[in-house]
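Everything on this sheet refers to the single structure shown next.
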Amino acid sequence: MIERYKTQKVMLGNIGIGGDSPVSVQSMNNTDTRDVEATLKQISELASCGCDITRVAILNMEAAEALKEITKRSPIPVVADIHFDYRLALASIENGAAKIRINPGNIGGDDRVRSVAEKAKEYGIPIRVGVNSGSIGKDMLEKYGGVNASSLSESALYAIRLLEKHDFRDIVVSMKSSDPVLTIESYRLLRDKVPYPFHVGVTEAGTLREGVIRSSVGIGALLSEGIGDTIRVSLTDEPVEEVRAGISILRSLGLRSQGMRMVSCPTCGRTQVPLIEVAKEVEARISDLPYSMTVAVMGCAVNGPGEAREADIGIAGGVDEFLLFCKGKPIKKVSQDKAVDELISMIHQMNGEK
């Protein structure tokens, strides 16, 4: 079992980050925040597939004003993403943001940082200090010889000190790079220097396939060391795919038990059914089911029930048919064309659905 690094706890509505709170999964809307209905529709979709927290871009005052209705109706906490204009941060706080994400180093002078810190304290919401490899100041780059773990972690520490200067400590910290190794090294350097919870992710990770791999390496390595209190998988894809990937990472490390998990074997010469196509269909059909189960899709009846006996339910291929099994025990044989439907039907029955 992974022993998590102890950090202080901050609250976003009823969701805790840090302390004894479970690792939460975040995403970010790709809708125009000014379009309230489209934004809420996407938030609802994210919440339905297991997202705990979402973030929206606040590009102008109209977007900040839209937060008032969005936060009132959202089923999950909404974070306001702010860059450069401190007035947008103030308005977002007043309009119900559960947290704001800023880089104190680019928000303006010390008086502006103080204004944001005081407003956040007044409303009782945390601030995420978000630093990435593309936003490191010239002084840090010169001091540490370019973009590296030292310049990235020290940039984050500098931003933290700006808030602490004004007695604000309800902080979440993130340091992201598109390089998983750089990301890992940066969090390791800062881990023992601050008590604040960490938001972990690999930025600009890429499209679905490559992005999930890079994110799994970076996020998974840190979580396995006990570093990380909330995560976001950043993908050039629909936000729900970020959530699904994030949940899978947590489940693979034993940090989340809820949700559907699928195991499947690689194909080999014994396989006499279209296993790849069947596995993809099963994965798609169970991905957002509201149950907590392990489902197996195996290539042959010889190894299937045995290797996947820990699965709650599964199918194993035969000759143009599948064997439906539960906890390693055979239930019945089903034709190839009905195998997936039978499997899904049985999943619903096992969870009390007709």
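Every chain in the structure tokens has a letter given in the order shown (A, B, ...), and although residue numbers restart at 1 in each chain, ligands are simply numbered from 1 in the order shown.
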
Next item on the list: Please identify all polymer residues within 9 Å of Asp229 of chain A, counting only C-alpha atoms, omitting same-chain residues fewer than 6 positions from it, and present them as an NGL selection string.
Entry: :A and (4-5 or 7 or 17-19 or 21-24 or 197-200 or 223)

Next item on the list: Would you list the contacts of segment 154-158 of chain A as a list in words, taking every protein, DNA or RNA residue within 7 Å and counting only C-alpha atoms, but skipping same-chain residues closer than 3 positions in sequence?
Entry: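 So, after excluding close chain neighbours, the residues are Val131, Ile136, Met140, Ser150, Ser151, Arg161, Leu162 and Met175 of chain A.
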
Notebook entry, point to check: Do you have the atom CA of Ile127 of chain A-atom CA of Arg114 of chain A distance handy?
Noted result: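 Taking atom CA of Ile127 of chain A and atom CA of Arg114 of chain A, their separation equals 12.4 Å.
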
Item checked: Secondary structure check, alpha helix (DSSP H) residues of segment 53-137 of chain A, as a PyMOL selection string -> chain A and resi 61-73+86-94+110-123

Selection to disk with N, CA, C and O atoms, as a tab-separated table (two decimals), in the first residue's frame:
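Writing done, so here's result02.tsv:
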```tsv
chain	number	residue	atom	x	y	z
A	61	MET	N	-13.80	39.78	-18.40
A	61	MET	CA	-14.76	40.02	-17.33
A	61	MET	C	-16.11	39.36	-17.61
A	61	MET	O	-16.82	38.97	-16.68
A	62	GLU	N	-16.47	39.21	-18.87
A	62	GLU	CA	-17.72	38.54	-19.20
A	62	GLU	C	-17.68	37.08	-18.74
A	62	GLU	O	-18.67	36.54	-18.23
A	63	ALA	N	-16.53	36.44	-18.90
A	63	ALA	CA	-16.38	35.06	-18.44
A	63	ALA	C	-16.43	34.99	-16.92
A	63	ALA	O	-17.02	34.07	-16.34
A	64	ALA	N	-15.83	35.98	-16.26
A	64	ALA	CA	-15.87	36.02	-14.80
A	64	ALA	C	-17.30	36.19	-14.30
A	64	ALA	O	-17.70	35.59	-13.30
A	65	GLU	N	-18.09	36.97	-14.99
A	65	GLU	CA	-19.49	37.18	-14.61
A	65	GLU	C	-20.31	35.90	-14.84
A	65	GLU	O	-21.23	35.59	-14.08
A	66	ALA	N	-19.97	35.15	-15.89
A	66	ALA	CA	-20.68	33.90	-16.18
A	66	ALA	C	-20.49	32.88	-15.07
A	66	ALA	O	-21.33	31.99	-14.88
A	67	LEU	N	-19.40	33.01	-14.32
A	67	LEU	CA	-19.13	32.09	-13.22
A	67	LEU	C	-20.25	32.08	-12.20
A	67	LEU	O	-20.50	31.07	-11.53
A	68	LYS	N	-20.91	33.20	-12.03
A	68	LYS	CA	-21.95	33.32	-11.02
A	68	LYS	C	-23.03	32.25	-11.22
A	68	LYS	O	-23.43	31.56	-10.28
A	69	GLU	N	-23.48	32.09	-12.46
A	69	GLU	CA	-24.51	31.10	-12.76
A	69	GLU	C	-23.91	29.70	-12.84
A	69	GLU	O	-24.53	28.72	-12.39
A	70	ILE	N	-22.71	29.59	-13.38
A	70	ILE	CA	-22.06	28.29	-13.53
A	70	ILE	C	-21.82	27.65	-12.16
A	70	ILE	O	-22.15	26.48	-11.93
A	71	THR	N	-21.24	28.39	-11.24
A	71	THR	CA	-20.93	27.84	-9.92
A	71	THR	C	-22.19	27.54	-9.12
A	71	THR	O	-22.20	26.62	-8.30
A	72	LYS	N	-23.24	28.28	-9.36
A	72	LYS	CA	-24.50	28.04	-8.66
A	72	LYS	C	-25.11	26.70	-9.05
A	72	LYS	O	-25.71	26.01	-8.23
A	73	ARG	N	-24.93	26.29	-10.31
A	73	ARG	CA	-25.60	25.09	-10.82
A	73	ARG	C	-24.67	23.90	-11.02
A	73	ARG	O	-25.13	22.80	-11.29
A	86	TYR	N	-5.31	40.68	-12.46
A	86	TYR	CA	-5.75	40.38	-11.10
A	86	TYR	C	-7.22	40.71	-10.88
A	86	TYR	O	-7.88	40.11	-10.01
A	87	ARG	N	-7.77	41.63	-11.66
A	87	ARG	CA	-9.18	41.99	-11.51
A	87	ARG	C	-10.09	40.81	-11.87
A	87	ARG	O	-11.18	40.66	-11.30
A	88	LEU	N	-9.66	39.98	-12.80
A	88	LEU	CA	-10.43	38.78	-13.14
A	88	LEU	C	-10.43	37.79	-11.98
A	88	LEU	O	-11.43	37.09	-11.74
A	89	ALA	N	-9.32	37.75	-11.25
A	89	ALA	CA	-9.26	36.88	-10.07
A	89	ALA	C	-10.22	37.37	-9.00
A	89	ALA	O	-10.96	36.57	-8.39
A	90	LEU	N	-10.24	38.67	-8.76
A	90	LEU	CA	-11.16	39.23	-7.75
A	90	LEU	C	-12.61	38.96	-8.11
A	90	LEU	O	-13.41	38.54	-7.27
A	91	ALA	N	-12.96	39.18	-9.37
A	91	ALA	CA	-14.34	38.96	-9.82
A	91	ALA	C	-14.71	37.49	-9.75
A	91	ALA	O	-15.84	37.14	-9.37
A	92	SER	N	-13.79	36.62	-10.09
A	92	SER	CA	-14.07	35.18	-10.05
A	92	SER	C	-14.33	34.71	-8.63
A	92	SER	O	-15.22	33.88	-8.40
A	93	ILE	N	-13.57	35.23	-7.70
A	93	ILE	CA	-13.79	34.87	-6.30
A	93	ILE	C	-15.17	35.33	-5.85
A	93	ILE	O	-15.93	34.57	-5.23
A	94	GLU	N	-15.52	36.55	-6.18
A	94	GLU	CA	-16.82	37.09	-5.79
A	94	GLU	C	-17.98	36.34	-6.44
A	94	GLU	O	-19.08	36.27	-5.88
A	110	ASP	N	3.14	43.75	-6.08
A	110	ASP	CA	2.85	43.19	-4.77
A	110	ASP	C	1.48	43.61	-4.25
A	110	ASP	O	0.79	42.83	-3.58
A	111	ASP	N	1.05	44.83	-4.58
A	111	ASP	CA	-0.26	45.28	-4.12
A	111	ASP	C	-1.38	44.45	-4.74
A	111	ASP	O	-2.41	44.20	-4.10
A	112	ARG	N	-1.18	44.00	-5.98
A	112	ARG	CA	-2.20	43.18	-6.65
A	112	ARG	C	-2.24	41.77	-6.09
A	112	ARG	O	-3.31	41.18	-5.94
A	113	VAL	N	-1.07	41.23	-5.79
A	113	VAL	CA	-1.02	39.91	-5.16
A	113	VAL	C	-1.72	39.98	-3.81
A	113	VAL	O	-2.50	39.08	-3.45
A	114	ARG	N	-1.47	41.05	-3.06
A	114	ARG	CA	-2.11	41.22	-1.75
A	114	ARG	C	-3.63	41.30	-1.89
A	114	ARG	O	-4.37	40.69	-1.12
A	115	SER	N	-4.10	42.03	-2.89
A	115	SER	CA	-5.55	42.16	-3.10
A	115	SER	C	-6.20	40.81	-3.36
A	115	SER	O	-7.27	40.50	-2.81
A	116	VAL	N	-5.55	39.98	-4.19
A	116	VAL	CA	-6.10	38.65	-4.50
A	116	VAL	C	-6.06	37.76	-3.26
A	116	VAL	O	-7.03	37.06	-2.95
A	117	ALA	N	-4.95	37.80	-2.52
A	117	ALA	CA	-4.83	36.98	-1.32
A	117	ALA	C	-5.88	37.37	-0.28
A	117	ALA	O	-6.51	36.50	0.34
A	118	GLU	N	-6.08	38.65	-0.10
A	118	GLU	CA	-7.06	39.12	0.89
A	118	GLU	C	-8.48	38.74	0.49
A	118	GLU	O	-9.30	38.35	1.34
A	119	LYS	N	-8.79	38.84	-0.80
A	119	LYS	CA	-10.12	38.48	-1.27
A	119	LYS	C	-10.37	36.97	-1.12
A	119	LYS	O	-11.45	36.54	-0.70
A	120	ALA	N	-9.36	36.16	-1.45
A	120	ALA	CA	-9.50	34.72	-1.31
A	120	ALA	C	-9.68	34.33	0.16
A	120	ALA	O	-10.49	33.45	0.49
A	121	LYS	N	-8.95	35.00	1.04
A	121	LYS	CA	-9.08	34.72	2.47
A	121	LYS	C	-10.47	35.13	2.96
A	121	LYS	O	-11.11	34.41	3.75
A	122	GLU	N	-10.97	36.25	2.47
A	122	GLU	CA	-12.31	36.72	2.86
A	122	GLU	C	-13.38	35.70	2.49
A	122	GLU	O	-14.32	35.46	3.25
A	123	TYR	N	-13.24	35.09	1.31
A	123	TYR	CA	-14.24	34.13	0.83
A	123	TYR	C	-13.92	32.69	1.22
A	123	TYR	O	-14.68	31.78	0.92
```

Note to self: Applying 9 Å and only C-alpha atoms, which residues near segment 284-286 of chain A remain after dropping the ones on its own chain fewer than 4 positions away? List them as a PyMOL selection string.
What the structure shows: chain A and resi 260-262+279-280+290+295+344

Produce a file of the selected residues containing C-alpha atoms, as a PDB file, in the first residue's frame.
```pdb
ATOM      1  CA  MET A 260     -15.158  -0.016 -13.757  1.00  0.00           C
ATOM      2  CA  ARG A 261     -11.852  -1.746 -14.454  1.00  0.00           C
ATOM      3  CA  MET A 262     -11.159  -3.971 -17.428  1.00  0.00           C
ATOM      4  CA  ALA A 279     -12.242  -5.811 -26.012  1.00  0.00           C
ATOM      5  CA  LYS A 280     -12.585  -2.313 -27.458  1.00  0.00           C
ATOM      6  CA  PRO A 290     -21.813   3.631 -12.201  1.00  0.00           C
ATOM      7  CA  VAL A 295     -14.381  -7.121 -16.031  1.00  0.00           C
ATOM      8  CA  ILE A 344     -23.257  -6.136 -20.219  1.00  0.00           C
TER       9      ILE A 344
END
```

Notebook entry, point to check: For Gln42 of chain A, which residue out of A:Ile15, A:Ala97, A:Leu289, A:Val240 is the nearest one, using only C-alpha atoms?
Noted result: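 Ranking A:Ile15, A:Ala97, A:Leu289, A:Val240 by distance to Gln42 of chain A, first place goes to A:Val240.
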
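Of note, atom CA of Pro195 of chain A and atom CA of Gly16 of chain A are spaced 15.1 Å apart.
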
Checklist line | Residue nearest Gln336 of chain A - candidates A:Ser264, A:Ser153, A:Gln272, A:Ser252, atoms counted: only C-alpha atoms | finding: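 Of all the options, A:Gln272 lies closest to Gln336 of chain A.
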